[in-house]
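Q: So here's model.pdb (PDB, C-alpha atoms).
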```pdb
ATOM      1  CA  MET A   1     -10.259 -28.693  79.013  1.00  0.00           C
ATOM      2  CA  SER A   2      -7.549 -26.592  80.619  1.00  0.00           C
ATOM      3  CA  ARG A   3      -4.763 -25.054  78.579  1.00  0.00           C
ATOM      4  CA  ALA A   4      -2.137 -27.134  80.419  1.00  0.00           C
ATOM      5  CA  LEU A   5      -4.063 -30.340  79.706  1.00  0.00           C
ATOM      6  CA  LYS A   6      -4.403 -29.414  76.018  1.00  0.00           C
ATOM      7  CA  ARG A   7      -0.661 -28.798  75.771  1.00  0.00           C
ATOM      8  CA  ALA A   8       0.115 -32.077  77.537  1.00  0.00           C
ATOM      9  CA  ALA A   9      -2.163 -34.010  75.166  1.00  0.00           C
ATOM     10  CA  GLU A  10      -0.614 -32.319  72.130  1.00  0.00           C
ATOM     11  CA  SER A  11       2.915 -33.060  73.386  1.00  0.00           C
ATOM     12  CA  ALA A  12       1.994 -36.702  73.952  1.00  0.00           C
ATOM     13  CA  LEU A  13       0.642 -37.058  70.407  1.00  0.00           C
ATOM     14  CA  ILE A  14       3.780 -35.518  68.948  1.00  0.00           C
ATOM     15  CA  ALA A  15       6.070 -37.663  71.120  1.00  0.00           C
ATOM     16  CA  THR A  16       4.364 -40.890  70.026  1.00  0.00           C
ATOM     17  CA  GLY A  17       4.799 -40.063  66.341  1.00  0.00           C
ATOM     18  CA  ILE A  18       1.054 -40.207  65.687  1.00  0.00           C
ATOM     19  CA  GLU A  19       1.049 -36.611  64.508  1.00  0.00           C
ATOM     20  CA  ARG A  20       3.847 -37.261  61.960  1.00  0.00           C
ATOM     21  CA  PHE A  21       2.151 -40.455  60.741  1.00  0.00           C
ATOM     22  CA  ALA A  22      -1.204 -38.699  60.306  1.00  0.00           C
ATOM     23  CA  ARG A  23       0.431 -35.798  58.477  1.00  0.00           C
ATOM     24  CA  SER A  24       2.181 -38.160  56.042  1.00  0.00           C
ATOM     25  CA  ARG A  25      -1.087 -39.976  55.297  1.00  0.00           C
ATOM     26  CA  LEU A  26      -2.867 -36.695  54.593  1.00  0.00           C
ATOM     27  CA  ARG A  27      -0.089 -35.106  52.515  1.00  0.00           C
ATOM     28  CA  GLU A  28      -2.156 -35.070  49.304  1.00  0.00           C
ATOM     29  CA  ARG A  29      -5.391 -33.989  50.957  1.00  0.00           C
ATOM     30  CA  ALA A  30      -6.675 -30.566  51.870  1.00  0.00           C
ATOM     31  CA  LEU A  31      -6.678 -29.355  55.441  1.00  0.00           C
ATOM     32  CA  VAL A  32      -9.165 -26.666  56.395  1.00  0.00           C
ATOM     33  CA  VAL A  33      -8.071 -24.467  59.284  1.00  0.00           C
ATOM     34  CA  ALA A  34     -10.884 -22.552  60.971  1.00  0.00           C
ATOM     35  CA  TYR A  35     -10.757 -19.931  63.697  1.00  0.00           C
ATOM     36  CA  HIS A  36     -13.541 -18.890  66.055  1.00  0.00           C
ATOM     37  CA  ASN A  37     -12.587 -15.228  66.222  1.00  0.00           C
ATOM     38  CA  ILE A  38      -9.715 -13.003  65.116  1.00  0.00           C
ATOM     39  CA  LEU A  39      -9.377  -9.908  67.286  1.00  0.00           C
ATOM     40  CA  PRO A  40      -8.395  -6.698  65.484  1.00  0.00           C
ATOM     41  CA  GLN A  41      -5.337  -4.907  66.899  1.00  0.00           C
ATOM     42  CA  GLY A  42      -6.154  -3.036  70.092  1.00  0.00           C
ATOM     43  CA  GLU A  43      -9.508  -4.739  70.697  1.00  0.00           C
ATOM     44  CA  ARG A  44      -9.984  -6.121  74.196  1.00  0.00           C
ATOM     45  CA  LEU A  45     -10.748  -9.776  74.682  1.00  0.00           C
ATOM     46  CA  SER A  46     -13.926 -10.768  76.462  1.00  0.00           C
ATOM     47  CA  GLY A  47     -15.049 -14.289  77.204  1.00  0.00           C
ATOM     48  CA  ASP A  48     -13.179 -17.538  76.719  1.00  0.00           C
ATOM     49  CA  TRP A  49      -9.541 -16.892  75.718  1.00  0.00           C
ATOM     50  CA  SER A  50      -9.343 -20.195  73.851  1.00  0.00           C
ATOM     51  CA  LEU A  51     -11.884 -18.970  71.269  1.00  0.00           C
ATOM     52  CA  HIS A  52     -10.049 -15.763  70.325  1.00  0.00           C
ATOM     53  CA  LEU A  53      -6.766 -15.021  68.576  1.00  0.00           C
ATOM     54  CA  PRO A  54      -5.200 -11.564  68.250  1.00  0.00           C
ATOM     55  CA  GLN A  55      -4.753 -10.480  64.641  1.00  0.00           C
ATOM     56  CA  ARG A  56      -0.931 -10.337  65.042  1.00  0.00           C
ATOM     57  CA  GLN A  57      -0.763 -13.992  66.169  1.00  0.00           C
ATOM     58  CA  PHE A  58      -3.110 -14.992  63.335  1.00  0.00           C
ATOM     59  CA  SER A  59      -0.776 -13.327  60.851  1.00  0.00           C
ATOM     60  CA  ILE A  60       2.231 -15.152  62.332  1.00  0.00           C
ATOM     61  CA  GLN A  61       0.394 -18.484  62.078  1.00  0.00           C
ATOM     62  CA  LEU A  62      -0.546 -17.870  58.432  1.00  0.00           C
ATOM     63  CA  ASP A  63       3.053 -16.975  57.599  1.00  0.00           C
ATOM     64  CA  ALA A  64       4.245 -20.215  59.222  1.00  0.00           C
ATOM     65  CA  LEU A  65       1.651 -22.259  57.320  1.00  0.00           C
ATOM     66  CA  ALA A  66       2.608 -20.599  54.043  1.00  0.00           C
ATOM     67  CA  GLN A  67       6.230 -21.717  54.502  1.00  0.00           C
ATOM     68  CA  SER A  68       5.302 -25.401  54.451  1.00  0.00           C
ATOM     69  CA  HIS A  69       1.913 -25.540  52.732  1.00  0.00           C
ATOM     70  CA  GLU A  70       0.060 -24.126  49.797  1.00  0.00           C
ATOM     71  CA  VAL A  71      -2.466 -21.769  51.368  1.00  0.00           C
ATOM     72  CA  VAL A  72      -5.589 -21.234  49.269  1.00  0.00           C
ATOM     73  CA  SER A  73      -9.022 -19.788  49.871  1.00  0.00           C
ATOM     74  CA  LEU A  74     -11.939 -22.098  50.598  1.00  0.00           C
ATOM     75  CA  GLU A  75     -13.512 -20.848  47.370  1.00  0.00           C
ATOM     76  CA  THR A  76     -10.431 -21.991  45.411  1.00  0.00           C
ATOM     77  CA  LEU A  77     -10.421 -25.349  47.172  1.00  0.00           C
ATOM     78  CA  LEU A  78     -14.084 -26.038  46.432  1.00  0.00           C
ATOM     79  CA  GLY A  79     -14.086 -24.440  42.957  1.00  0.00           C
TER
END
```
Can the structure in the file be given as structure tokens, please?

A:
Amino acid sequence: MSRALKRAAESALIATGIERFARSRLRERALVVAYHNILPQGERLSGDWSLHLPQRQFSIQLDALAQSHEVVSLETLLG
């Protein structure tokens, strides 16, 4: 799926309110966020861009999640 198509689908879900409804229903449940690959600073990307995230962007995403969610390790969640 192309990046533009993914963004359009995401925008449509948000506009319909489905995303907000789903989030409210899952408020008391755990959400596991998984990444295919985090690229260390300075490392060159090879292959499919959609499977890789530079370490700086990963850090920004974690900071944003931590502002609105309790971020815990998978070990803590399953323990």

Q: Nearest residue to A:Ser50 out of A:Arg20, A:His36, A:Arg7, A:Arg29, using only C-alpha atoms?

A: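 Looking only at the distances to A:Ser50, the closest residue turns out to be A:His36.
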
Q: Just how far from atom CA of A:Gln61 is atom CA of A:Glu75, in Å to one decimal?

A: 20.4 Å

Q: Could you list, as a CSV table (one decimal) with C-alpha atoms, in the coordinates of the input, every residue within 8 Å of A:Gln41, counting all atoms listed in the file and ignoring same-chain residues fewer than 5 positions away?

A:
```
chain,number,residue,atom,x,y,z
A,54,PRO,CA,-5.2,-11.6,68.2
A,55,GLN,CA,-4.8,-10.5,64.6
A,56,ARG,CA,-0.9,-10.3,65.0
```

Q: Going by the chain IDs and residue numbers used in this file, which residues fall under the PyMOL selection byres ((chain A and resi 37) around 7)? Write them as a list in words.

A: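 Applied to this file, the PyMOL selection byres ((chain A and resi 37) around 7) selects Tyr35, His36, Ile38, Leu39, Leu51, His52 and Leu53 of chain A.
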
Q: For a test of reading the model, state the distance in Å between atom CA of A:Ser59 and atom CA of A:Val71, rounded to one decimal.

A: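 These two atoms are separated by 12.8 Å.
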
Q: Excluding stretch 64-68 of chain A and any residue of its chain fewer than 3 positions from it, enumerate the residues within 12 Å of it, using only C-alpha atoms, and give them as a short mmCIF file (atom, residue, chain, number, x, y, z; two decimals) with C-alpha atoms, in the coordinates of the input.

A:
```
data_model
loop_
_atom_site.label_atom_id
_atom_site.label_comp_id
_atom_site.auth_asym_id
_atom_site.auth_seq_id
_atom_site.Cartn_x
_atom_site.Cartn_y
_atom_site.Cartn_z
CA ARG A 27 -0.09 -35.11 52.52
CA LEU A 31 -6.68 -29.36 55.44
CA VAL A 32 -9.16 -26.67 56.40
CA VAL A 33 -8.07 -24.47 59.28
CA GLN A 57 -0.76 -13.99 66.17
CA PHE A 58 -3.11 -14.99 63.34
CA SER A 59 -0.78 -13.33 60.85
CA ILE A 60 2.23 -15.15 62.33
CA GLN A 61 0.39 -18.48 62.08
CA VAL A 71 -2.47 -21.77 51.37
CA VAL A 72 -5.59 -21.23 49.27
#
```

Q: Set up a box along x, y and z of the file covering all listed atoms of stretch 27-38 of chain A, add 8 Å on every one of the six sides, and write the centre and edge lengths in Å to one decimal, as AutoDock Vina command-line options.

A:
```
--center_x -6.8 --center_y -24.1 --center_z 57.8 --size_x 29.5 --size_y 38.1 --size_z 32.9
```

Q: For a test of reading the model, state the distance in Å between atom CA of A:Ala34 and atom CA of A:Gly79, rounded to one decimal.

A: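 Here the two named atoms are 18.4 Å from each other.
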